[in-house]
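Source file: query.cif (mmCIF, C-alpha atoms)
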data_protein
#
loop_
_atom_site.label_atom_id
_atom_site.label_comp_id
_atom_site.auth_asym_id
_atom_site.auth_seq_id
_atom_site.Cartn_x
_atom_site.Cartn_y
_atom_site.Cartn_z
CA MET A 287 -19.35 -107.68 34.49
CA LYS A 288 -22.72 -105.90 34.21
CA LYS A 289 -21.09 -103.00 32.33
CA LYS A 290 -19.44 -105.44 29.91
CA ILE A 291 -22.78 -107.17 29.26
CA MET A 292 -24.51 -103.84 28.61
CA ARG A 293 -21.74 -102.85 26.19
CA SER A 294 -22.13 -106.14 24.33
CA LEU A 295 -25.89 -105.66 24.11
CA LEU A 296 -25.48 -102.13 22.75
CA VAL A 297 -22.96 -103.31 20.14
CA LEU A 298 -25.41 -106.03 19.14
CA PHE A 299 -28.13 -103.38 18.80
CA VAL A 300 -25.87 -101.25 16.57
CA ILE A 301 -25.17 -104.23 14.33
CA LEU A 302 -28.83 -105.24 14.30
CA THR A 303 -29.84 -101.73 13.28
CA LEU A 304 -27.36 -101.72 10.42
CA THR A 305 -28.36 -105.22 9.38
CA VAL A 306 -32.02 -104.25 9.30
CA SER A 307 -31.17 -101.21 7.22
CA PHE A 308 -28.90 -102.88 4.71
CA ALA A 309 -29.59 -106.60 4.46
CA GLY A 310 -30.74 -107.73 1.04
CA CYS A 311 -29.74 -108.91 -2.38
CA GLN A 312 -29.11 -105.77 -4.45
CA LYS A 313 -25.56 -105.07 -5.58
CA SER A 314 -23.52 -101.91 -5.90
CA ASN A 315 -22.38 -101.00 -9.39
CA GLY A 316 -19.00 -99.72 -8.26
CA SER A 317 -17.81 -96.14 -8.66
CA GLN A 318 -20.18 -94.96 -11.38
CA VAL A 319 -23.68 -93.67 -10.94
CA THR A 320 -26.22 -96.14 -12.22
CA SER A 321 -28.42 -95.40 -15.22
CA ALA A 322 -30.75 -98.24 -14.23
CA VAL A 323 -33.01 -96.09 -12.05
CA GLU A 324 -36.20 -95.81 -14.06
CA MET A 325 -37.93 -92.52 -13.38
CA LYS A 326 -41.70 -92.45 -13.39
CA ASN A 327 -43.86 -89.39 -13.96
CA GLY A 328 -47.49 -88.46 -14.06
CA THR A 329 -50.57 -89.68 -12.24
CA VAL A 330 -50.67 -93.33 -11.22
CA THR A 331 -53.46 -95.57 -12.46
CA TYR A 332 -54.71 -98.14 -9.96
CA PRO A 333 -54.82 -101.09 -9.51
CA LEU A 334 -51.01 -101.01 -9.52
CA THR A 335 -48.63 -103.93 -9.10
CA VAL A 336 -45.15 -103.24 -7.73
CA THR A 337 -42.31 -105.53 -6.70
CA ASP A 338 -40.50 -105.01 -3.42
CA ASP A 339 -36.91 -105.92 -2.49
CA MET A 340 -37.97 -109.41 -1.40
CA GLY A 341 -39.26 -110.11 -4.91
CA ASN A 342 -42.88 -109.96 -3.78
CA SER A 343 -45.36 -108.65 -6.34
CA VAL A 344 -47.95 -106.61 -4.49
CA THR A 345 -51.10 -105.24 -6.11
CA ILE A 346 -52.35 -101.97 -4.64
CA ASP A 347 -56.02 -101.58 -5.50
CA LYS A 348 -56.36 -97.85 -4.94
CA GLU A 349 -54.30 -94.87 -3.85
CA PRO A 350 -53.29 -95.42 -0.20
CA GLN A 351 -54.72 -92.91 2.24
CA LYS A 352 -53.38 -94.34 5.51
CA ILE A 353 -49.79 -95.58 5.68
CA VAL A 354 -47.79 -97.12 8.52
CA SER A 355 -44.01 -96.95 8.21
CA LEU A 356 -41.96 -99.53 10.11
CA SER A 357 -38.53 -98.05 9.48
CA PRO A 358 -36.94 -94.59 9.79
CA ALA A 359 -35.82 -94.77 6.15
CA THR A 360 -39.28 -95.36 4.68
CA THR A 361 -40.67 -92.60 6.89
CA GLU A 362 -38.11 -90.18 5.47
CA ILE A 363 -38.94 -91.29 1.95
CA LEU A 364 -42.67 -90.77 2.46
CA PHE A 365 -42.16 -87.24 3.71
CA ALA A 366 -39.63 -86.50 0.96
CA VAL A 367 -42.16 -87.42 -1.76
CA ASP A 368 -44.86 -85.31 -0.09
CA ALA A 369 -46.82 -88.30 1.21
CA GLY A 370 -46.15 -87.47 4.84
CA ASN A 371 -49.73 -86.39 5.40
CA LYS A 372 -50.79 -89.99 4.79
CA VAL A 373 -48.51 -91.47 7.48
CA VAL A 374 -50.58 -92.58 10.48
CA GLY A 375 -47.96 -94.66 12.29
CA ARG A 376 -44.17 -94.77 12.66
CA THR A 377 -41.55 -96.33 14.94
CA ASP A 378 -39.83 -94.82 17.96
CA TYR A 379 -36.69 -94.12 15.93
CA ASP A 380 -38.34 -92.18 13.11
CA ASN A 381 -36.91 -88.80 14.07
CA TYR A 382 -36.66 -87.07 10.69
CA PRO A 383 -38.12 -84.87 9.39
CA GLU A 384 -39.40 -83.03 12.45
CA ALA A 385 -42.96 -83.35 11.18
CA ALA A 386 -42.69 -87.13 11.59
CA LEU A 387 -42.51 -86.71 15.35
CA ALA A 388 -46.17 -85.67 15.37
CA VAL A 389 -47.17 -89.09 13.99
CA PRO A 390 -48.16 -91.68 16.65
CA SER A 391 -45.53 -94.35 17.32
CA ILE A 392 -46.37 -98.03 17.08
CA GLY A 393 -43.24 -99.07 19.03
CA ASP A 394 -39.71 -100.23 18.38
CA PHE A 395 -38.74 -101.12 14.81
CA ASN A 396 -37.69 -104.63 15.87
CA ALA A 397 -40.80 -105.24 17.97
CA PRO A 398 -43.66 -103.07 16.71
CA ASN A 399 -47.05 -103.40 18.36
CA VAL A 400 -49.15 -105.32 15.86
CA GLU A 401 -52.38 -104.46 17.67
CA LYS A 402 -51.60 -100.74 17.40
CA ILE A 403 -50.85 -101.08 13.71
CA ILE A 404 -54.08 -102.95 13.00
CA ALA A 405 -56.07 -100.39 15.01
CA LEU A 406 -54.78 -97.68 12.65
CA THR A 407 -56.41 -99.57 9.72
CA PRO A 408 -53.64 -98.77 7.23
CA ASP A 409 -54.06 -99.30 3.49
CA LEU A 410 -50.30 -99.70 3.11
CA VAL A 411 -47.46 -100.78 5.39
CA LEU A 412 -43.82 -100.10 4.49
CA ALA A 413 -41.23 -102.18 6.31
CA SER A 414 -37.62 -103.32 6.40
CA ASP A 415 -36.86 -107.01 5.95
CA PHE A 416 -36.85 -107.37 9.72
CA ILE A 417 -40.61 -107.81 9.59
CA SER A 418 -41.53 -111.39 10.48
CA ASP A 419 -43.59 -113.61 8.20
CA ASP A 420 -46.17 -113.92 10.97
CA MET A 421 -46.55 -110.16 11.34
CA ARG A 422 -46.77 -109.68 7.62
CA GLN A 423 -49.51 -112.31 7.37
CA GLN A 424 -51.46 -110.70 10.22
CA LEU A 425 -51.33 -107.31 8.52
CA GLU A 426 -52.23 -108.66 5.11
CA ALA A 427 -55.17 -110.52 6.64
CA THR A 428 -56.67 -107.11 7.52
CA GLY A 429 -56.47 -106.04 3.87
CA ALA A 430 -53.32 -103.93 4.24
CA LYS A 431 -50.70 -104.13 1.49
CA VAL A 432 -47.15 -104.70 2.75
CA LEU A 433 -43.99 -103.66 0.91
CA VAL A 434 -40.55 -104.64 2.25
CA PHE A 435 -37.35 -102.74 1.44
CA SER A 436 -33.72 -103.73 2.05
CA PRO A 437 -31.31 -101.82 -0.21
CA VAL A 438 -27.56 -102.38 0.05
CA SER A 439 -26.44 -99.59 -2.27
CA ILE A 440 -27.39 -96.03 -3.09
CA ASP A 441 -28.79 -97.34 -6.38
CA GLY A 442 -31.08 -99.56 -4.35
CA VAL A 443 -32.19 -96.63 -2.19
CA MET A 444 -33.06 -94.57 -5.25
CA ASN A 445 -35.06 -97.43 -6.73
CA ASN A 446 -36.93 -97.74 -3.42
CA ILE A 447 -37.82 -94.05 -3.56
CA ILE A 448 -39.19 -94.48 -7.07
CA THR A 449 -41.21 -97.53 -6.00
CA ILE A 450 -42.66 -95.76 -2.94
CA GLY A 451 -43.43 -92.72 -5.07
CA GLU A 452 -45.34 -94.88 -7.51
CA ALA A 453 -47.19 -96.77 -4.77
CA THR A 454 -48.37 -93.50 -3.20
CA ASN A 455 -49.21 -91.65 -6.44
CA ALA A 456 -46.20 -89.37 -6.02
CA ASN A 457 -44.25 -90.18 -9.18
CA ASN A 458 -43.20 -86.62 -9.96
CA GLN A 459 -42.01 -85.87 -6.44
CA ALA A 460 -40.05 -89.13 -6.23
CA SER A 461 -38.36 -88.48 -9.56
CA GLN A 462 -37.36 -84.99 -8.41
CA VAL A 463 -35.82 -86.39 -5.22
CA VAL A 464 -33.87 -89.05 -7.11
CA THR A 465 -32.72 -86.66 -9.84
CA LYS A 466 -31.11 -84.45 -7.18
CA MET A 467 -29.57 -87.47 -5.46
CA ILE A 468 -27.99 -88.61 -8.73
CA ALA A 469 -26.53 -85.17 -9.41
CA ASP A 470 -25.19 -84.72 -5.87
CA ARG A 471 -23.72 -88.21 -5.84
CA GLN A 472 -21.97 -87.61 -9.15
CA MET A 473 -20.34 -84.45 -7.80
CA ILE A 474 -18.92 -86.44 -4.88
CA ILE A 475 -17.68 -89.26 -7.10
CA ASP A 476 -16.02 -86.80 -9.46
CA ALA A 477 -14.30 -85.05 -6.56
CA VAL A 478 -12.82 -88.19 -4.97
CA LYS A 479 -11.50 -89.40 -8.32
CA THR A 480 -8.94 -86.60 -8.08
CA ALA A 481 -7.34 -88.07 -4.94
CA ALA A 482 -3.60 -88.51 -5.41
CA THR A 483 -3.65 -91.81 -3.52
CA GLN A 484 -6.53 -94.11 -2.66
CA LYS A 485 -6.94 -94.32 1.11
CA SER A 486 -7.77 -97.42 3.12
CA VAL A 487 -10.57 -97.33 5.69
CA PHE A 488 -11.71 -99.38 8.66
CA ILE A 489 -15.35 -98.97 9.71
CA ASP A 490 -15.92 -100.02 13.31
CA VAL A 491 -19.57 -100.56 14.22
CA GLY A 492 -18.63 -101.76 17.72
CA ASP A 493 -16.20 -104.29 19.21
CA PHE A 494 -14.34 -104.31 15.87
CA PHE A 495 -17.30 -105.62 13.88
CA SER A 496 -17.08 -104.00 10.47
CA ALA A 497 -18.93 -103.45 7.20
CA GLY A 498 -18.00 -106.17 4.73
CA PRO A 499 -19.14 -107.05 1.21
CA GLY A 500 -22.88 -106.83 0.71
CA SER A 501 -23.30 -103.94 3.14
CA MET A 502 -24.35 -100.40 2.31
CA LEU A 503 -21.26 -98.93 3.96
CA ASP A 504 -18.94 -101.09 1.85
CA SER A 505 -20.78 -99.91 -1.26
CA MET A 506 -20.42 -96.30 -0.13
CA LEU A 507 -16.66 -96.68 0.38
CA THR A 508 -16.44 -97.95 -3.20
CA ASP A 509 -18.35 -94.87 -4.36
CA ILE A 510 -15.86 -92.53 -2.67
CA ASN A 511 -12.77 -94.30 -4.04
CA ALA A 512 -11.72 -95.73 -0.68
CA LYS A 513 -10.38 -99.21 0.06
CA ASN A 514 -12.37 -101.08 2.70
CA ILE A 515 -9.99 -103.26 4.73
CA ALA A 516 -12.93 -105.62 5.40
CA ALA A 517 -13.89 -105.91 1.72
CA ASP A 518 -12.64 -109.51 1.47
CA ALA A 519 -14.54 -110.75 4.52
CA ALA A 520 -16.88 -113.73 4.24
CA THR A 521 -19.91 -111.90 5.69
CA PRO A 522 -21.44 -108.42 5.49
CA TRP A 523 -20.70 -107.83 9.19
CA PRO A 524 -17.36 -109.51 10.06
CA GLN A 525 -15.57 -109.08 13.37
CA LEU A 526 -11.89 -108.31 12.83
CA SER A 527 -9.19 -109.04 15.34
CA THR A 528 -7.00 -106.20 16.57
CA GLU A 529 -4.09 -107.95 14.85
CA GLN A 530 -5.94 -107.88 11.51
CA ILE A 531 -6.68 -104.19 11.89
CA ILE A 532 -3.09 -103.35 12.84
CA THR A 533 -1.71 -105.39 9.93
CA SER A 534 -4.13 -103.74 7.48
CA ASN A 535 -2.95 -100.35 8.77
CA PRO A 536 -5.93 -98.26 7.62
CA ASP A 537 -5.39 -94.61 6.72
CA VAL A 538 -8.78 -93.65 8.19
CA TYR A 539 -10.71 -95.10 11.12
CA ILE A 540 -14.47 -94.54 11.11
CA SER A 541 -16.30 -95.43 14.30
CA LEU A 542 -20.04 -95.76 14.82
CA TYR A 543 -19.63 -96.80 18.44
CA SER A 544 -16.27 -96.38 20.24
CA THR A 545 -14.99 -92.89 21.04
CA PRO A 546 -11.64 -91.71 19.66
CA GLU A 547 -10.20 -91.93 23.19
CA GLN A 548 -11.26 -95.58 23.49
CA ILE A 549 -9.82 -96.36 20.07
CA LYS A 550 -6.48 -94.73 20.85
CA ALA A 551 -6.27 -96.67 24.11
CA THR A 552 -6.45 -100.04 22.33
CA PRO A 553 -3.07 -101.82 22.70
CA GLY A 554 -1.09 -101.74 19.47
CA PHE A 555 -3.33 -99.22 17.72
CA ASP A 556 -0.69 -96.52 18.13
CA LYS A 557 1.04 -98.22 15.17
CA ILE A 558 -1.90 -97.62 12.83
CA ALA A 559 -1.59 -94.74 10.36
CA ALA A 560 -5.11 -93.51 11.11
CA ILE A 561 -4.28 -93.23 14.81
CA LYS A 562 -0.85 -91.70 14.31
CA ASN A 563 -2.28 -89.08 11.94
CA ASN A 564 -5.45 -88.54 13.99
CA GLN A 565 -7.63 -89.59 11.06
CA ILE A 566 -10.52 -90.82 13.21
CA ALA A 567 -14.12 -89.98 12.32
CA TYR A 568 -16.57 -90.66 15.13
CA TYR A 569 -20.29 -90.83 14.36
CA GLU A 570 -21.92 -91.48 17.71
CA PHE A 571 -24.71 -94.05 17.48
CA LEU A 572 -28.13 -92.45 16.92
CA SER A 573 -26.51 -89.05 16.34
CA PRO A 574 -27.46 -87.01 13.25
CA ASN A 575 -24.22 -87.96 11.49
CA SER A 576 -24.73 -91.63 12.29
CA ASP A 577 -28.22 -91.44 10.80
CA LEU A 578 -26.85 -89.87 7.63
CA VAL A 579 -24.36 -92.65 6.90
CA GLN A 580 -26.50 -95.63 7.91
CA ARG A 581 -30.10 -94.77 7.07
CA PRO A 582 -31.07 -95.84 3.53
CA GLY A 583 -33.31 -92.91 2.69
CA PRO A 584 -33.19 -89.64 0.73
CA ARG A 585 -30.31 -88.26 2.86
CA ILE A 586 -27.96 -91.17 2.16
CA VAL A 587 -26.07 -89.03 -0.38
CA GLU A 588 -25.46 -86.51 2.42
CA GLY A 589 -23.99 -89.44 4.33
CA LEU A 590 -21.82 -90.23 1.31
CA ALA A 591 -20.58 -86.63 1.31
CA LEU A 592 -19.80 -86.87 5.03
CA LEU A 593 -17.75 -90.03 4.49
CA ALA A 594 -15.94 -88.48 1.52
CA LYS A 595 -14.99 -85.38 3.50
CA ASP A 596 -13.73 -87.42 6.44
CA VAL A 597 -11.70 -89.78 4.25
CA TYR A 598 -10.34 -87.10 1.89
CA PRO A 599 -10.52 -83.83 3.86
CA GLU A 600 -7.86 -82.33 1.62
CA LEU A 601 -10.26 -82.49 -1.33
CA PHE A 602 -13.05 -80.66 0.47
CA SER A 603 -11.14 -77.98 2.35
CA ASN A 604 -12.93 -75.09 0.65
#
Translate the structure described by the file into structure tokens.
Amino acid sequence: MKKKIMRSLLVLFVILTLTVSFAGCQKSNGSQVTSAVEMKNGTVTYPLTVTDDMGNSVTIDKEPQKIVSLSPATTEILFAVDAGNKVVGRTDYDNYPEAALAVPSIGDFNAPNVEKIIALTPDLVLASDFISDDMRQQLEATGAKVLVFSPVSIDGVMNNIITIGEATNANNQASQVVTKMIADRQMIIDAVKTAATQKSVFIDVGDFFSAGPGSMLDSMLTDINAKNIAADAATPWPQLSTEQIITSNPDVYISLYSTPEQIKATPGFDKIAAIKNNQIAYYEFLSPNSDLVQRPGPRIVEGLALLAKDVYPELFSN
């Protein structure tokens, strides 16, 4: 019983992590790279007003010198736009790049230590939409500016990078990062368009919870010309029954939690094409590959490439 409870708690943590990363209101534009990402270049003039993913207009009076990042994704973005030297606080899970590990941690992303954050006297705090209204108000009361990000598509991630670049006076660096992301993403999209047959995919984030409409992973499957068997679900994180999965008969099974051995041992799953053809991709939770596909930062296109290669290995054999 204790083991079952621990498994349920871990699955809940996996789902919570994904929800924190991808909850929001932005929409994917399908299988074509967006042209709506507005690049910004040159030196920023302050005061500067930017709008975050919650629709909040935030005025930044001067160039931030001390930044606290409350999500692994925003930490990666800050280092990618060469603002890493301004980061004075990060969460326990901010493990990339390696230089981020030298920054003091302010605790877990879902329960950061507010006192530690305030003691760091940040000018700017970057967070996911998991931040509570109370915490935000406490931080803003100290004079810190708080920006909240919650992209649900690669387009959204790129726009976040541009916004963070502007907020930190790193326009040129942010535009360079996004320009490369656009080019790399287009190469992947062009490659998967050549697939002879569109494949169907089931993404299992634990206990058969999946990535439905409004999730980053669903958007990424659209990008790589794959059919998500949970695409018609009523929520972004639906739990499918084993019967639903067997009936949908996915060509590829992507797991962020259960091992291939556990998946194969599920009664009835031997009938599924993905199992019969050994088309199982396992990205162990908190592993480097798991981070690539679920962390909405500069490496999300690398995650897209990973998904594309595991869904259509025949197209990437060379």
Around region 588-604 of chain A, with edges along x, y and z and 8 Å added on all six sides, what centre and edge lengths do you get, in Å to one decimal, as JSON?
{"center_x": -16.7, "center_y": -82.7, "center_z": 2.6, "size_x": 33.6, "size_y": 31.1, "size_z": 23.8}
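Proximity ranking of A:Val587, A:Val373, A:Ile450, A:Ala427 relative to Val330 (chain A) places A:Ile450 first, based on all atoms listed in the file.
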Handout entry: Residues returned when the PyMOL selection byres ((chain A and resi 510) around 12) runs on this file, as a ChimeraX atom specification
Key = /A:316-319,471-481,484-487,503-509,511-514,587,589-598,601
Problem - Between CA of Thr428 (chain A) and CA of Val336 (chain A) - distance in Å to one decimal - result: 19.5 Å
Problem - Hits from the PyMOL selection byres ((chain A and resi 409-418) around 6), listed as a ChimeraX atom specification - result: /A:306,350,352-357,408,419-421,430-436
Problem - Residues matched by the PyMOL selection byres ((chain A and resi 460) around 12) as a ChimeraX atom specification - result: /A:323-328,362-369,443-459,461-467,583-584
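Proximity to Ile549 (chain A) at 9 Å, evaluated using all atoms listed in the file and with sequence-adjacent residues fewer than 4 positions away removed, yields Ser541, Ser544, Thr545, Phe555, Ile561 and Ile566 of chain A.
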Fill in the blank from the handout: Using only C-alpha atoms, the shortest atom-to-atom distance to Thr360 (chain A) among A:Asp493, A:Val400, A:Arg585, A:Ala516 belongs to A:Arg585
Problem - Counting all atoms listed in the file, the residue of A:Ala482, A:Arg376, A:Ile540, A:Leu406 that sits nearest Ile392 (chain A) - result: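 With all atoms listed in the file as the atom set, the closest residue is A:Arg376.
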Practice task
Enter the distance from CA of Gly492 (chain A) to CA of Asp537 (chain A), in Å, rounded to one decimal.
Solution key: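 These two atoms are separated by 18.6 Å.
Between CA of Asn535 (chain A) and CA of Thr552 (chain A) the interatomic distance comes to 14.0 Å.
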Handout entry: Top pick for closest residue to Leu542 (chain A), considering A:Ile346, A:Ala497, A:Ile403, A:Ala359 and counting all atoms listed in the file
Key =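 Result for the nearest residue to Leu542 (chain A): A:Ala497.
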